[in-house]
file start.pdb (PDB, C-alpha atoms, pLDDT in the B column)
ATOM      1  CA  MET U   1      23.497  28.732  10.997  1.00 92.00           C
ATOM      2  CA  ILE U   2      25.229  26.411  13.460  1.00 94.00           C
ATOM      3  CA  THR U   3      22.086  26.350  15.609  1.00 95.00           C
ATOM      4  CA  PHE U   4      19.994  25.389  12.577  1.00 95.00           C
ATOM      5  CA  LEU U   5      22.344  22.532  11.652  1.00 95.00           C
ATOM      6  CA  ILE U   6      22.434  21.206  15.212  1.00 96.00           C
ATOM      7  CA  THR U   7      18.637  21.391  15.434  1.00 96.00           C
ATOM      8  CA  MET U   8      18.244  19.534  12.134  1.00 96.00           C
ATOM      9  CA  ALA U   9      20.738  16.878  13.249  1.00 96.00           C
ATOM     10  CA  VAL U  10      18.806  16.354  16.488  1.00 96.00           C
ATOM     11  CA  ILE U  11      15.486  16.066  14.606  1.00 96.00           C
ATOM     12  CA  VAL U  12      16.890  13.594  12.079  1.00 95.00           C
ATOM     13  CA  THR U  13      18.515  11.519  14.835  1.00 95.00           C
ATOM     14  CA  PHE U  14      15.274  11.440  16.812  1.00 95.00           C
ATOM     15  CA  ALA U  15      13.269  10.422  13.710  1.00 92.00           C
ATOM     16  CA  ALA U  16      15.763   7.673  12.891  1.00 91.00           C
ATOM     17  CA  MET U  17      15.610   6.305  16.432  1.00 90.00           C
ATOM     18  CA  VAL U  18      11.810   6.340  16.468  1.00 88.00           C
ATOM     19  CA  ALA U  19      11.680   4.572  13.078  1.00 83.00           C
ATOM     20  CA  HIS U  20      14.205   1.966  14.204  1.00 80.00           C
ATOM     21  CA  TYR U  21      12.661   1.086  17.568  1.00 79.00           C
ATOM     22  CA  SER U  22       8.953   1.373  16.774  1.00 74.00           C
ATOM     23  CA  ALA U  23       6.789  -1.433  15.415  1.00 64.00           C
ATOM     24  CA  PRO U  24       5.856  -1.358  11.738  1.00 65.00           C
ATOM     25  CA  ALA U  25       2.477   0.055  10.799  1.00 63.00           C
ATOM     26  CA  GLY U  26      -0.356  -2.408  10.538  1.00 59.00           C
ATOM     27  CA  SER U  27      -0.907  -5.761  12.151  1.00 58.00           C
ATOM     28  CA  SER U  28       1.725  -8.410  11.642  1.00 61.00           C
ATOM     29  CA  ASN U  29      -0.454 -11.209  13.053  1.00 61.00           C
ATOM     30  CA  ILE U  30      -2.963 -11.182  10.180  1.00 64.00           C
ATOM     31  CA  THR U  31      -2.728 -14.167   7.835  1.00 67.00           C
ATOM     32  CA  ASP U  32      -3.183 -13.230   4.186  1.00 76.00           C
ATOM     33  CA  ARG U  33      -5.342 -16.050   2.812  1.00 84.00           C
ATOM     34  CA  ASP U  34      -5.208 -14.743  -0.767  1.00 84.00           C
ATOM     35  CA  MET U  35      -1.417 -14.749  -0.690  1.00 82.00           C
ATOM     36  CA  GLN U  36      -1.416 -18.297   0.681  1.00 85.00           C
ATOM     37  CA  ARG U  37      -3.766 -19.458  -2.096  1.00 88.00           C
ATOM     38  CA  MET U  38      -1.747 -17.731  -4.783  1.00 87.00           C
ATOM     39  CA  HIS U  39       1.492 -19.224  -3.444  1.00 87.00           C
ATOM     40  CA  ALA U  40      -0.071 -22.696  -3.371  1.00 89.00           C
ATOM     41  CA  ASP U  41      -1.376 -22.301  -6.931  1.00 89.00           C
ATOM     42  CA  LEU U  42       1.980 -21.091  -8.215  1.00 88.00           C
ATOM     43  CA  SER U  43       3.782 -23.928  -6.456  1.00 87.00           C
ATOM     44  CA  ALA U  44       1.364 -26.441  -7.975  1.00 86.00           C
ATOM     45  CA  MET U  45       1.814 -24.964 -11.458  1.00 84.00           C
ATOM     46  CA  HIS U  46       5.578 -24.980 -11.051  1.00 80.00           C
ATOM     47  CA  GLY U  47       5.467 -28.613  -9.925  1.00 75.00           C
ATOM     48  CA  ARG U  48       3.442 -29.588 -12.984  1.00 70.00           C
ATOM     49  CA  THR U  49       5.806 -27.926 -15.422  1.00 64.00           C
ATOM     50  CA  THR U  50       8.969 -29.437 -13.946  1.00 59.00           C
ATOM     51  CA  ASN U  51       7.716 -33.037 -14.246  1.00 56.00           C
ATOM     52  CA  ILE U  52       7.171 -32.975 -18.017  1.00 52.00           C
TER
END
call {"tool": "encode", "arguments": {"input": "start.pdb", "output": "structure tokens"}}
result
Amino acid sequence: MITFLITMAVIVTFAAMVAHYSAPAGSSNITDRDMQRMHADLSAMHGRTTNI
């Protein structure tokens, strides 16, 4: 039982270290044009409603 617990602790520690030090999945350098357009539209709508 002790061996099992130590093995599980080692596996969990290794997984946590890999998750912490590895890069996130996907490309972070891609610009999301749809998100930019939506943000611009929402900002414009918000600006129109605050000036009434």
call {"tool": "axis_aligned_box", "arguments": {"input": "start.pdb", "around": "range 3-15 of chain U", "padding_each_side": "4 Å", "output": "JSON"}}
result
{"center_x": 17.9, "center_y": 18.4, "center_z": 14.2, "size_x": 17.2, "size_y": 23.9, "size_z": 13.2}
call {"tool": "atom_distance", "arguments": {"input": "start.pdb", "atom1": "CA of Val18 in chain U", "atom2": "CA of Thr3 in chain U"}}
result
22.5 Å
call {"tool": "atom_distance", "arguments": {"input": "start.pdb", "atom1": "CA of Ser22 in chain U", "atom2": "CA of Met35 in chain U"}}
result
25.9 Å
